[in-house]
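Asker: Please find coords27.pdb (PDB, C-alpha atoms and all ligand atoms) on the next line:
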```pdb
ATOM      1  CA  MET A   1       5.071  18.648  -5.493
ATOM      2  CA  GLY A   2       7.590  21.380  -5.956
ATOM      3  CA  PRO A   3      10.505  23.278  -4.534
ATOM      4  CA  LEU A   4       9.114  23.092  -1.014
ATOM      5  CA  MET A   5       9.619  19.348  -0.799
ATOM      6  CA  PRO A   6      12.243  18.524   1.855
ATOM      7  CA  THR A   7      15.664  17.095   1.137
ATOM      8  CA  VAL A   8      17.989  14.792   3.055
ATOM      9  CA  SER A   9      21.577  13.761   2.455
ATOM     10  CA  ALA A  10      21.761  10.003   1.774
ATOM     11  CA  ALA A  11      24.701   7.965   0.483
ATOM     12  CA  GLY A  12      26.505  11.211  -0.388
ATOM     13  CA  THR A  13      23.642  12.603  -2.472
ATOM     14  CA  THR A  14      20.958  15.198  -1.792
ATOM     15  CA  ILE A  15      17.636  13.386  -2.071
ATOM     16  CA  ARG A  16      14.338  15.256  -2.362
ATOM     17  CA  TYR A  17      11.219  13.551  -1.131
ATOM     18  CA  ASP A  18       7.540  14.000  -0.454
ATOM     19  CA  SER A  19       5.918  12.694   2.721
ATOM     20  CA  ARG A  20       2.496  12.570   4.304
ATOM     21  CA  GLY A  21       1.009  10.847   7.329
ATOM     22  CA  THR A  22       2.003  10.764  10.976
ATOM     23  CA  ARG A  23       1.143   7.290  12.209
ATOM     24  CA  GLY A  24       1.138   3.651  11.191
ATOM     25  CA  PRO A  25       3.766   1.652   9.322
ATOM     26  CA  VAL A  26       6.317   3.476   7.149
ATOM     27  CA  LEU A  27       5.723   3.061   3.408
ATOM     28  CA  VAL A  28       8.621   4.085   1.149
ATOM     29  CA  LEU A  29       7.675   4.423  -2.527
ATOM     30  CA  VAL A  30      10.223   4.309  -5.344
ATOM     31  CA  HIS A  31       9.409   5.561  -8.862
ATOM     32  CA  GLY A  32      10.431   3.964 -12.143
ATOM     33  CA  SER A  33      12.509   4.964 -15.185
ATOM     34  CA  GLY A  34      12.312   8.677 -15.962
ATOM     35  CA  GLY A  35       9.916   9.251 -13.056
ATOM     36  CA  ASN A  36       9.940  11.154  -9.791
ATOM     37  CA  ALA A  37       7.932  11.189  -6.556
ATOM     38  CA  ALA A  38       4.937  12.690  -8.391
ATOM     39  CA  VAL A  39       4.008   9.295  -9.893
ATOM     40  CA  TRP A  40       2.742   8.368  -6.415
ATOM     41  CA  HIS A  41       0.603  11.435  -5.880
ATOM     42  CA  PRO A  42      -2.742   9.559  -5.646
ATOM     43  CA  GLN A  43      -1.343   6.922  -3.267
ATOM     44  CA  ILE A  44       0.346   9.485  -0.993
ATOM     45  CA  ASP A  45      -3.033  11.173  -0.526
ATOM     46  CA  ALA A  46      -4.993   7.929  -0.182
ATOM     47  CA  LEU A  47      -2.735   6.237   2.370
ATOM     48  CA  ALA A  48      -1.645   9.109   4.619
ATOM     49  CA  ASP A  49      -4.314   8.264   7.227
ATOM     50  CA  ILE A  50      -2.991   4.721   7.815
ATOM     51  CA  ALA A  51       0.734   4.988   7.046
ATOM     52  CA  ARG A  52       3.676   7.369   7.106
ATOM     53  CA  VAL A  53       4.195   7.583   3.357
ATOM     54  CA  PHE A  54       7.517   8.678   1.836
ATOM     55  CA  ALA A  55       8.104   9.018  -1.926
ATOM     56  CA  LEU A  56      11.621   9.959  -2.972
ATOM     57  CA  ASP A  57      13.176  11.281  -6.171
ATOM     58  CA  LEU A  58      15.983   8.893  -7.130
ATOM     59  CA  PRO A  59      19.398  10.466  -7.920
ATOM     60  CA  GLY A  60      19.281  12.425 -11.202
ATOM     61  CA  HIS A  61      15.459  12.626 -11.108
ATOM     62  CA  GLY A  62      13.053  15.328  -9.905
ATOM     63  CA  GLY A  63      14.892  17.421  -7.359
ATOM     64  CA  SER A  64      17.631  14.934  -6.417
ATOM     65  CA  ASP A  65      21.313  15.252  -7.315
ATOM     66  CA  GLY A  66      23.701  12.615  -8.556
ATOM     67  CA  SER A  67      23.250   9.504 -10.639
ATOM     68  CA  PHE A  68      23.324   5.712 -10.378
ATOM     69  CA  ALA A  69      24.300   3.023 -12.832
ATOM     70  CA  THR A  70      22.919  -0.192 -11.378
ATOM     71  CA  ILE A  71      19.893  -1.314  -9.406
ATOM     72  CA  ASP A  72      22.225  -2.217  -6.535
ATOM     73  CA  ASP A  73      23.575   1.364  -6.480
ATOM     74  CA  ALA A  74      20.009   2.646  -6.269
ATOM     75  CA  VAL A  75      19.244   0.158  -3.467
ATOM     76  CA  ALA A  76      22.179   1.616  -1.509
ATOM     77  CA  VAL A  77      20.712   5.106  -1.946
ATOM     78  CA  VAL A  78      17.277   3.993  -0.746
ATOM     79  CA  ARG A  79      18.843   2.251   2.265
ATOM     80  CA  GLY A  80      20.789   5.450   2.970
ATOM     81  CA  PHE A  81      17.536   7.430   2.710
ATOM     82  CA  VAL A  82      15.761   5.126   5.180
ATOM     83  CA  ASP A  83      18.702   5.356   7.605
ATOM     84  CA  ALA A  84      19.134   9.135   7.244
ATOM     85  CA  LEU A  85      15.487   9.680   8.189
ATOM     86  CA  GLY A  86      15.623   7.021  10.927
ATOM     87  CA  LEU A  87      12.622   5.208   9.468
ATOM     88  CA  GLY A  88      13.343   1.783  10.992
ATOM     89  CA  ASN A  89      11.515  -1.128   9.377
ATOM     90  CA  VAL A  90       9.686  -0.155   6.218
ATOM     91  CA  VAL A  91       7.230  -1.410   3.676
ATOM     92  CA  ILE A  92       9.147  -0.891   0.440
ATOM     93  CA  GLY A  93       7.057  -0.239  -2.646
ATOM     94  CA  GLY A  94       8.222   0.315  -6.188
ATOM     95  CA  HIS A  95       6.934   0.859  -9.699
ATOM     96  CA  SER A  96       8.755  -0.649 -12.697
ATOM     97  CA  MET A  97      12.489   0.071 -12.119
ATOM     98  CA  GLY A  98      11.435   1.089  -8.596
ATOM     99  CA  GLY A  99      10.026  -2.422  -8.205
ATOM    100  CA  ALA A 100      13.436  -3.804  -9.144
ATOM    101  CA  ILE A 101      14.913  -1.555  -6.443
ATOM    102  CA  ALA A 102      12.293  -2.786  -3.956
ATOM    103  CA  GLN A 103      13.256  -6.410  -4.729
ATOM    104  CA  GLY A 104      16.926  -5.479  -4.291
ATOM    105  CA  PHE A 105      16.068  -3.782  -1.006
ATOM    106  CA  VAL A 106      14.309  -6.788   0.535
ATOM    107  CA  LEU A 107      17.015  -9.160  -0.709
ATOM    108  CA  ALA A 108      19.786  -6.959   0.758
ATOM    109  CA  ALA A 109      18.004  -5.923   3.956
ATOM    110  CA  PRO A 110      15.329  -8.496   4.850
ATOM    111  CA  HIS A 111      15.534  -7.533   8.540
ATOM    112  CA  ARG A 112      14.541  -3.941   7.647
ATOM    113  CA  THR A 113      11.612  -4.906   5.426
ATOM    114  CA  ALA A 114       8.114  -5.163   6.909
ATOM    115  CA  GLY A 115       6.507  -5.699   3.508
ATOM    116  CA  VAL A 116       7.055  -5.363  -0.230
ATOM    117  CA  ALA A 117       4.729  -3.853  -2.859
ATOM    118  CA  LEU A 118       5.706  -4.577  -6.462
ATOM    119  CA  ILE A 119       3.766  -2.509  -8.973
ATOM    120  CA  GLY A 120       4.091  -2.844 -12.758
ATOM    121  CA  THR A 121       7.396  -4.658 -12.506
ATOM    122  CA  GLY A 122       9.197  -7.987 -12.804
ATOM    123  CA  ALA A 123      12.096 -10.066 -11.531
ATOM    124  CA  ARG A 124      13.948  -9.531 -14.814
ATOM    125  CA  LEU A 125      13.566  -6.351 -16.844
ATOM    126  CA  ARG A 126      15.124  -6.675 -20.283
ATOM    127  CA  VAL A 127      14.514  -3.553 -22.348
ATOM    128  CA  LEU A 128      13.544  -3.390 -26.023
ATOM    129  CA  PRO A 129      16.706  -2.148 -27.783
ATOM    130  CA  LYS A 130      14.552   0.283 -29.785
ATOM    131  CA  ILE A 131      13.672   2.191 -26.590
ATOM    132  CA  ILE A 132      17.312   2.921 -25.734
ATOM    133  CA  GLN A 133      18.338   3.524 -29.353
ATOM    134  CA  THR A 134      15.537   5.999 -29.991
ATOM    135  CA  LEU A 135      16.230   7.839 -26.732
ATOM    136  CA  GLU A 136      19.907   8.138 -27.677
ATOM    137  CA  GLN A 137      19.190   9.431 -31.170
ATOM    138  CA  ASP A 138      16.236  11.727 -30.518
ATOM    139  CA  HIS A 139      15.179  12.237 -26.901
ATOM    140  CA  PRO A 140      11.641  13.627 -27.508
ATOM    141  CA  ALA A 141      10.900  10.900 -30.085
ATOM    142  CA  GLY A 142      12.201   8.270 -27.654
ATOM    143  CA  VAL A 143       9.985   9.544 -24.835
ATOM    144  CA  GLN A 144       7.005   9.633 -27.215
ATOM    145  CA  PHE A 145       7.642   6.011 -28.260
ATOM    146  CA  LEU A 146       8.032   4.970 -24.626
ATOM    147  CA  ILE A 147       4.825   6.623 -23.436
ATOM    148  CA  GLU A 148       2.823   5.076 -26.305
ATOM    149  CA  LEU A 149       3.824   1.715 -24.801
ATOM    150  CA  ALA A 150       3.538   2.798 -21.172
ATOM    151  CA  VAL A 151      -0.144   3.624 -20.869
ATOM    152  CA  ALA A 152      -3.117   1.561 -22.040
ATOM    153  CA  ALA A 153      -4.361   2.429 -25.531
ATOM    154  CA  SER A 154      -7.669   3.358 -23.885
ATOM    155  CA  ALA A 155      -6.104   5.819 -21.395
ATOM    156  CA  PRO A 156      -7.492   9.363 -21.591
ATOM    157  CA  GLU A 157      -5.398  11.864 -23.609
ATOM    158  CA  PRO A 158      -4.780  14.238 -20.652
ATOM    159  CA  LEU A 159      -3.255  11.360 -18.640
ATOM    160  CA  LYS A 160      -1.018  10.351 -21.571
ATOM    161  CA  ARG A 161       0.079  13.982 -21.969
ATOM    162  CA  ALA A 162       0.783  14.361 -18.247
ATOM    163  CA  VAL A 163       2.948  11.221 -18.161
ATOM    164  CA  LEU A 164       4.750  12.354 -21.331
ATOM    165  CA  GLU A 165       5.435  15.827 -19.910
ATOM    166  CA  GLU A 166       6.643  14.457 -16.581
ATOM    167  CA  THR A 167       8.948  11.972 -18.334
ATOM    168  CA  MET A 168      10.318  14.752 -20.582
ATOM    169  CA  ARG A 169      11.505  16.517 -17.408
ATOM    170  CA  ALA A 170      13.946  13.710 -16.644
ATOM    171  CA  PRO A 171      17.352  14.412 -18.211
ATOM    172  CA  ALA A 172      17.958  12.119 -21.213
ATOM    173  CA  ARG A 173      21.103  10.733 -19.591
ATOM    174  CA  SER A 174      19.147   9.705 -16.450
ATOM    175  CA  LEU A 175      16.403   8.034 -18.465
ATOM    176  CA  ILE A 176      18.904   6.101 -20.591
ATOM    177  CA  ALA A 177      20.886   5.090 -17.478
ATOM    178  CA  ASP A 178      17.619   3.859 -15.898
ATOM    179  CA  PHE A 179      16.918   1.557 -18.832
ATOM    180  CA  ARG A 180      20.495   0.281 -18.888
ATOM    181  CA  ALA A 181      20.189  -0.531 -15.156
ATOM    182  CA  CYS A 182      16.867  -2.331 -15.765
ATOM    183  CA  ASP A 183      18.318  -4.283 -18.673
ATOM    184  CA  ARG A 184      20.957  -5.802 -16.376
ATOM    185  CA  PHE A 185      18.530  -6.570 -13.548
ATOM    186  CA  ASP A 186      17.623 -10.214 -12.970
ATOM    187  CA  VAL A 187      16.626 -11.777  -9.648
ATOM    188  CA  MET A 188      14.392 -14.491 -11.119
ATOM    189  CA  ALA A 189      16.438 -17.177  -9.351
ATOM    190  CA  ARG A 190      16.410 -15.362  -5.977
ATOM    191  CA  LEU A 191      12.707 -14.743  -5.343
ATOM    192  CA  GLY A 192      12.504 -17.780  -3.032
ATOM    193  CA  GLU A 193      14.660 -15.870  -0.525
ATOM    194  CA  ILE A 194      11.944 -13.254  -0.004
ATOM    195  CA  ARG A 195      10.006 -13.909   3.192
ATOM    196  CA  ALA A 196       8.337 -10.532   3.767
ATOM    197  CA  PRO A 197       4.609 -10.135   3.064
ATOM    198  CA  THR A 198       4.398  -9.171  -0.609
ATOM    199  CA  LEU A 199       1.786  -7.568  -2.834
ATOM    200  CA  VAL A 200       2.099  -7.671  -6.634
ATOM    201  CA  VAL A 201      -0.025  -5.271  -8.721
ATOM    202  CA  THR A 202      -0.061  -5.007 -12.520
ATOM    203  CA  GLY A 203      -2.340  -3.555 -15.183
ATOM    204  CA  VAL A 204      -3.814  -6.220 -17.432
ATOM    205  CA  GLU A 205      -2.852  -4.115 -20.495
ATOM    206  CA  ASP A 206       0.742  -3.509 -19.365
ATOM    207  CA  ARG A 207       3.029  -3.826 -22.420
ATOM    208  CA  LEU A 208       6.338  -2.932 -20.719
ATOM    209  CA  THR A 209       6.145  -5.360 -17.812
ATOM    210  CA  PRO A 210       3.431  -7.764 -18.938
ATOM    211  CA  ARG A 211       1.077  -9.709 -16.720
ATOM    212  CA  LYS A 212       3.329 -12.753 -17.148
ATOM    213  CA  TYR A 213       6.026 -10.934 -15.097
ATOM    214  CA  ALA A 214       3.559 -10.273 -12.259
ATOM    215  CA  GLU A 215       2.372 -13.873 -12.292
ATOM    216  CA  TYR A 216       5.980 -15.036 -12.055
ATOM    217  CA  LEU A 217       6.587 -12.784  -9.030
ATOM    218  CA  ALA A 218       3.420 -13.992  -7.316
ATOM    219  CA  LYS A 219       4.223 -17.639  -8.001
ATOM    220  CA  HIS A 220       7.815 -17.516  -6.752
ATOM    221  CA  ILE A 221       7.508 -15.220  -3.716
ATOM    222  CA  ALA A 222       6.057 -17.257  -0.839
ATOM    223  CA  GLY A 223       2.553 -16.148   0.097
ATOM    224  CA  ALA A 224       2.506 -13.196  -2.334
ATOM    225  CA  GLN A 225      -0.843 -11.674  -3.197
ATOM    226  CA  LEU A 226      -1.557 -10.777  -6.835
ATOM    227  CA  ALA A 227      -3.861  -7.962  -7.932
ATOM    228  CA  LEU A 228      -4.442  -7.650 -11.684
ATOM    229  CA  VAL A 229      -6.057  -4.344 -12.601
ATOM    230  CA  PRO A 230      -8.290  -4.331 -15.694
ATOM    231  CA  GLY A 231      -8.224  -1.395 -18.106
ATOM    232  CA  ALA A 232      -4.760  -0.221 -17.095
ATOM    233  CA  GLY A 233      -1.307  -0.332 -18.663
ATOM    234  CA  HIS A 234       2.149   0.093 -17.170
ATOM    235  CA  TYR A 235       1.329   3.317 -15.257
ATOM    236  CA  VAL A 236      -1.335   1.416 -13.342
ATOM    237  CA  GLN A 237      -1.046   3.594 -10.215
ATOM    238  CA  LEU A 238      -1.959   6.689 -12.256
ATOM    239  CA  GLU A 239      -4.325   5.001 -14.723
ATOM    240  CA  ARG A 240      -6.415   3.272 -12.029
ATOM    241  CA  PRO A 241      -5.305   5.151  -8.898
ATOM    242  CA  ASP A 242      -8.189   4.032  -6.691
ATOM    243  CA  ASP A 243      -7.685   0.337  -7.488
ATOM    244  CA  VAL A 244      -3.983   0.552  -6.646
ATOM    245  CA  SER A 245      -4.548   2.621  -3.507
ATOM    246  CA  SER A 246      -7.209   0.172  -2.234
ATOM    247  CA  ALA A 247      -4.933  -2.817  -2.873
ATOM    248  CA  LEU A 248      -2.096  -1.086  -0.997
ATOM    249  CA  ARG A 249      -4.435  -0.055   1.778
ATOM    250  CA  ALA A 250      -5.763  -3.575   2.343
ATOM    251  CA  PHE A 251      -2.207  -4.924   2.176
ATOM    252  CA  VAL A 252      -0.897  -2.488   4.810
ATOM    253  CA  LEU A 253      -3.901  -2.990   7.109
ATOM    254  CA  GLU A 254      -4.206  -6.775   6.822
ATOM    255  CA  ARG A 255      -0.753  -8.151   5.984
ATOM    256  CA  VAL A 256       1.633  -5.627   7.529
ATOM    257  CA  ARG A 257      -0.194  -4.347  10.593
ATOM    258  CA  GLY A 258      -2.319  -7.405  11.155
TER     259      GLY A 258
HETATM  260  N1  LIG B 301       9.116 -12.618 -15.450
HETATM  261  C1  LIG B 301       8.768 -13.760 -16.044
HETATM  262  N2  LIG B 301       9.263 -14.158 -17.224
HETATM  263  C2  LIG B 301      10.184 -13.377 -17.811
HETATM  264  C3  LIG B 301      10.598 -12.151 -17.246
HETATM  265  C4  LIG B 301      10.039 -11.781 -16.016
HETATM  266  N3  LIG B 301      10.389 -10.651 -15.404
HETATM  267  N4  LIG B 301      11.500 -11.584 -18.056
HETATM  268  C5  LIG B 301      11.665 -12.404 -19.094
HETATM  269  N5  LIG B 301      10.864 -13.470 -18.949
HETATM  270  C6  LIG B 301      10.745 -14.604 -19.865
HETATM  271  C7  LIG B 301      10.266 -14.152 -21.221
HETATM  272  O1  LIG B 301       8.873 -14.109 -21.301
HETATM  273  C8  LIG B 301      10.862 -15.182 -22.126
HETATM  274  O2  LIG B 301      10.095 -16.343 -22.033
HETATM  275  P1  LIG B 301       9.830 -17.266 -23.330
HETATM  276  O3  LIG B 301      11.201 -17.687 -23.759
HETATM  277  O4  LIG B 301       8.955 -18.349 -22.812
HETATM  278  O5  LIG B 301       9.170 -16.365 -24.326
HETATM  279  C9  LIG B 301      12.197 -15.448 -21.490
HETATM  280  O6  LIG B 301      12.029 -15.107 -20.093
HETATM  281  C10 LIG B 301      13.346 -14.597 -22.034
HETATM  282  O7  LIG B 301      12.915 -13.244 -22.098
HETATM  283  P2  LIG B 301      13.859 -11.969 -22.083
HETATM  284  O8  LIG B 301      14.900 -12.159 -21.071
HETATM  285  O9  LIG B 301      13.015 -10.769 -21.929
HETATM  286  O10 LIG B 301      14.608 -11.960 -23.465
HETATM  287  P3  LIG B 301      14.016 -11.907 -24.964
HETATM  288  O11 LIG B 301      15.220 -11.829 -25.834
HETATM  289  O12 LIG B 301      13.056 -13.013 -25.167
HETATM  290  O13 LIG B 301      13.184 -10.530 -25.074
HETATM  291  C11 LIG B 301      12.721  -8.157 -25.020
HETATM  292  C12 LIG B 301      13.795  -9.262 -24.934
HETATM  293  C13 LIG B 301      13.387  -6.840 -24.752
HETATM  294  C14 LIG B 301      12.046  -8.171 -26.417
HETATM  295  C15 LIG B 301      11.625  -8.451 -23.962
HETATM  296  O14 LIG B 301      12.261  -8.513 -22.715
HETATM  297  C16 LIG B 301      10.493  -7.472 -23.863
HETATM  298  O15 LIG B 301       9.583  -7.453 -24.699
HETATM  299  N6  LIG B 301      10.505  -6.635 -22.803
HETATM  300  C17 LIG B 301       9.374  -5.786 -22.468
HETATM  301  C18 LIG B 301       9.459  -4.417 -23.093
HETATM  302  C19 LIG B 301      10.405  -3.506 -22.360
HETATM  303  O16 LIG B 301      11.335  -2.981 -22.949
HETATM  304  N7  LIG B 301      10.137  -3.234 -21.101
HETATM  305  C20 LIG B 301      10.925  -2.326 -20.338
HETATM  306  C21 LIG B 301      11.090  -2.856 -18.945
HETATM  307  S1  LIG B 301      11.859  -1.635 -17.894
END
```
Output the structure of this file as structure tokens.
Ligand code: COA

Answerer:
Amino acid sequence: MGPLMPTVSAAGTTIRYDSRGTRGPVLVLVHGSGGNAAVWHPQIDALADIARVFALDLPGHGGSDGSFATIDDAVAVVRGFVDALGLGNVVIGGHSMGGAIAQGFVLAAPHRTAGVALIGTGARLRVLPKIIQTLEQDHPAGVQFLIELAVAASAPEPLKRAVLEETMRAPARSLIADFRACDRFDVMARLGEIRAPTLVVTGVEDRLTPRKYAEYLAKHIAGAQLALVPGAGHYVQLERPDDVSSALRAFVLERVRG
């Protein structure tokens, strides 16, 4: 990660992204609230031999310019990103708010979607008012409160600190806008429209997008596969990176390629 990551102009915004892999299906990974491409570091490494993996920084995050106010706006940016790089049909994967964007992507562009991976997310993402209020009043205290909820109580201290530090890098206005966008997101009634192969992954100890949300996704998306990861909270892909990478790997090899 760093200044050497490439950029591309998409939907009028400069988007920075990370990418690895030269063959296989295209996997586009979208981070969640206050995140950036770095939240996918383990999966980028683990999947580069079977897929062309792209992880972008959403507008106003990491090294990308601009901003967005709704999940649909972010979907337009991701579609612009896919078009600008000429990626064709993609497996769209997302964590948390990124999972909302992935659902928006498949609903808006089913013909461009070879598969969907929904990680630590839900079809409706109402946000605890205390998260937004605390972030507005005292940004560091708000991030601290958020991260306490976002990783399992049993997660090692260095991991908690790393997630906290990475989230502190996101401008307060971007983080607050992310949560406002999540709070208005609701596709619970539309999941039956999704026909693409779908994988749902959630940490059993997730307190921000609880297991119930994952079970709802898996029940209402035809043929969806559900992987519940023990010992992990909301940042399941960083807390149990190997479990998430293996689930994605099997999904790409068996459901997308196969
Ligand atoms: N999948 C399945 N069920 C869902 C759901 C989802 N994505 N989102 C909400 N529901 C269910 C709830 O469990 C609840 O069911 P119940 O009435 O049987 O208890 C019902 O739909 C209504 O829930 P919700 O829309 O969330 O409103 P609420 O007023 O009950 O609760 C919050 C509001 C903020 C307290 C609650 O959404 C919450 O605890 N959210 C998780 C914490 C958070 O802030 N996460 C951040 C996500 S980015």

Asker: What gap, in Å, lies between CA of Ala224 in chain A and atom N2 of ligand LIG 301 (chain B)?

Answerer: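 Pair CA of Ala224 in chain A / atom N2 of ligand LIG 301 (chain B) returns 16.4 Å.
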
Asker: Got a sec: who's within 12 Å of Asp83 in chain A, counting only C-alpha atoms, leaving out chain neighbours fewer than 3 positions off, as a PyMOL selection string?

Answerer: chain A and resi 8-11+76-80+86-90+109+112

Asker: Which residues are close to Lys219 in chain A, i.e. within 12 Å by all atoms listed in the file, leaving aside same-chain residues fewer than 2 positions away? Reply as a CSV table (one decimal) with C-alpha atoms, in the coordinates of the input.

Answerer:
```csv
chain,number,residue,atom,x,y,z
A,122,GLY,CA,9.2,-8.0,-12.8
A,123,ALA,CA,12.1,-10.1,-11.5
A,188,MET,CA,14.4,-14.5,-11.1
A,191,LEU,CA,12.7,-14.7,-5.3
A,192,GLY,CA,12.5,-17.8,-3.0
A,194,ILE,CA,11.9,-13.3,0.0
A,198,THR,CA,4.4,-9.2,-0.6
A,199,LEU,CA,1.8,-7.6,-2.8
A,200,VAL,CA,2.1,-7.7,-6.6
A,212,LYS,CA,3.3,-12.8,-17.1
A,213,TYR,CA,6.0,-10.9,-15.1
A,214,ALA,CA,3.6,-10.3,-12.3
A,215,GLU,CA,2.4,-13.9,-12.3
A,216,TYR,CA,6.0,-15.0,-12.1
A,217,LEU,CA,6.6,-12.8,-9.0
A,221,ILE,CA,7.5,-15.2,-3.7
A,222,ALA,CA,6.1,-17.3,-0.8
A,223,GLY,CA,2.6,-16.1,0.1
A,224,ALA,CA,2.5,-13.2,-2.3
A,225,GLN,CA,-0.8,-11.7,-3.2
A,226,LEU,CA,-1.6,-10.8,-6.8
```

Asker: Between A:Gly34, A:Gly62, A:Gly142, A:Pro129, which has the minimum distance to Ala177 in chain A (counting all atoms listed in the file)?

Answerer: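 Nearest candidate to Ala177 in chain A out of A:Gly34, A:Gly62, A:Gly142, A:Pro129: A:Gly34.
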
Asker: For each of A:Arg184, A:His139, A:Arg257, A:Arg124, take the minimum atom-to-atom distance to ligand LIG 301 (chain B), counting only C-alpha atoms and all ligand atoms, then give the residue where this is smallest.

Answerer: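 Looking only at the distances to ligand LIG 301 (chain B), the closest residue turns out to be A:Arg124.
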
Asker: Counting all atoms listed in the file, which protein, DNA or RNA residues come within 9 Å of ligand LIG 301 (chain B), given as an MDAnalysis selection string?

Answerer: chainID A and resid 32:33 96:97 121:132 146 149:150 178:183 186:188 207:217

Asker: Take CA of Thr14 in chain A and CA of Gly66 in chain A and report the distance between them in Å, one decimal.

Answerer: 7.7 Å

Asker: Which residues are near Leu118 in chain A? Cut-off 7 Å, all atoms listed in the file, ignore same chain within fewer than 2 positions. Put them as a list in words.

Answerer: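 Counting all atoms listed in the file, the residues come to Gly93, Gly94, His95, Gly99, Val116, Gly120, Thr121, Leu199, Val200 and Val201 of chain A.
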
Asker: One number please: CA of Ile176 in chain A to CA of Gln144 in chain A, in Å, one decimal.

Answerer: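 Separation of CA of Ile176 in chain A and CA of Gln144 in chain A: 14.1 Å.
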
Asker: Please return as a ChimeraX atom specification every residue within 12 Å of (6.9, 17.4, -21.0), taking into account only C-alpha atoms and the file's own coordinates.

Answerer: /A:34-35,139-141,143-144,147,160-171

Asker: Expand the PyMOL selection byres (((chain A and resi 230) around 12) and not hetatm) into the individual residues it matches in the shown file, reporting them as a PyMOL selection string.

Answerer: chain A and resi 152+154-155+201-206+211+227-229+231-234+236+239-240+243-244

Asker: Just checking: using all atoms listed in the file, which residue out of A:Ile15, A:Leu29, A:Leu238, A:Ala37 ends up closest to Pro59 in chain A?

Answerer: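 Of the candidates, the smallest distance to Pro59 in chain A is held by A:Ile15.
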
Asker: Hey, which of A:Thr7, A:Val26, A:Phe185, A:Gly115 ends up closest to Asp72 in chain A? Count only C-alpha atoms.

Answerer: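 Comparing A:Thr7, A:Val26, A:Phe185, A:Gly115 against Asp72 in chain A, the winner is A:Phe185.
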
Asker: Decode the PyMOL selection byres (((chain A and resi 40) around 12) and not hetatm) for the given file into explicit residues and return them as a ChimeraX atom specification.

Answerer: /A:1,17-20,27-32,35-39,41-48,53-57,93-95,98,119,235-242,244-245,248

Asker: I'd like to know which of A:Gln133, A:Thr13, A:Gln103, A:Thr22 is closest to Arg52 in chain A, using all atoms listed in the file.

Answerer: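 Nearest to Arg52 in chain A: A:Thr22.
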
Asker: Fix up range 78-89 of chain A with N, CA and C atoms, then write it as a PDB file, in the frame of the given file.

Answerer:
```pdb
ATOM      1  N   VAL A  78      18.550   4.100  -1.477  1.00  0.00           N
ATOM      2  CA  VAL A  78      17.277   3.993  -0.746  1.00  0.00           C
ATOM      3  C   VAL A  78      17.542   3.558   0.703  1.00  0.00           C
ATOM      4  N   ARG A  79      18.489   2.645   0.883  1.00  0.00           N
ATOM      5  CA  ARG A  79      18.843   2.251   2.265  1.00  0.00           C
ATOM      6  C   ARG A  79      19.398   3.454   3.025  1.00  0.00           C
ATOM      7  N   GLY A  80      20.236   4.245   2.349  1.00  0.00           N
ATOM      8  CA  GLY A  80      20.789   5.450   2.970  1.00  0.00           C
ATOM      9  C   GLY A  80      19.685   6.438   3.342  1.00  0.00           C
ATOM     10  N   PHE A  81      18.688   6.547   2.474  1.00  0.00           N
ATOM     11  CA  PHE A  81      17.536   7.430   2.710  1.00  0.00           C
ATOM     12  C   PHE A  81      16.769   6.986   3.957  1.00  0.00           C
ATOM     13  N   VAL A  82      16.503   5.687   4.040  1.00  0.00           N
ATOM     14  CA  VAL A  82      15.761   5.126   5.180  1.00  0.00           C
ATOM     15  C   VAL A  82      16.550   5.359   6.480  1.00  0.00           C
ATOM     16  N   ASP A  83      17.856   5.157   6.426  1.00  0.00           N
ATOM     17  CA  ASP A  83      18.702   5.356   7.605  1.00  0.00           C
ATOM     18  C   ASP A  83      18.770   6.834   7.987  1.00  0.00           C
ATOM     19  N   ALA A  84      18.961   7.698   6.966  1.00  0.00           N
ATOM     20  CA  ALA A  84      19.134   9.135   7.244  1.00  0.00           C
ATOM     21  C   ALA A  84      17.896   9.701   7.937  1.00  0.00           C
ATOM     22  N   LEU A  85      16.722   9.183   7.566  1.00  0.00           N
ATOM     23  CA  LEU A  85      15.487   9.680   8.189  1.00  0.00           C
ATOM     24  C   LEU A  85      15.106   8.855   9.419  1.00  0.00           C
ATOM     25  N   GLY A  86      15.898   7.835   9.735  1.00  0.00           N
ATOM     26  CA  GLY A  86      15.623   7.021  10.927  1.00  0.00           C
ATOM     27  C   GLY A  86      14.286   6.318  10.851  1.00  0.00           C
ATOM     28  N   LEU A  87      13.969   5.756   9.667  1.00  0.00           N
ATOM     29  CA  LEU A  87      12.622   5.208   9.468  1.00  0.00           C
ATOM     30  C   LEU A  87      12.418   3.798  10.031  1.00  0.00           C
ATOM     31  N   GLY A  88      13.500   3.129  10.416  1.00  0.00           N
ATOM     32  CA  GLY A  88      13.343   1.783  10.992  1.00  0.00           C
ATOM     33  C   GLY A  88      12.912   0.776   9.940  1.00  0.00           C
ATOM     34  N   ASN A  89      12.005  -0.134  10.339  1.00  0.00           N
ATOM     35  CA  ASN A  89      11.515  -1.128   9.377  1.00  0.00           C
ATOM     36  C   ASN A  89      10.496  -0.474   8.456  1.00  0.00           C
TER      37      ASN A  89
END
```
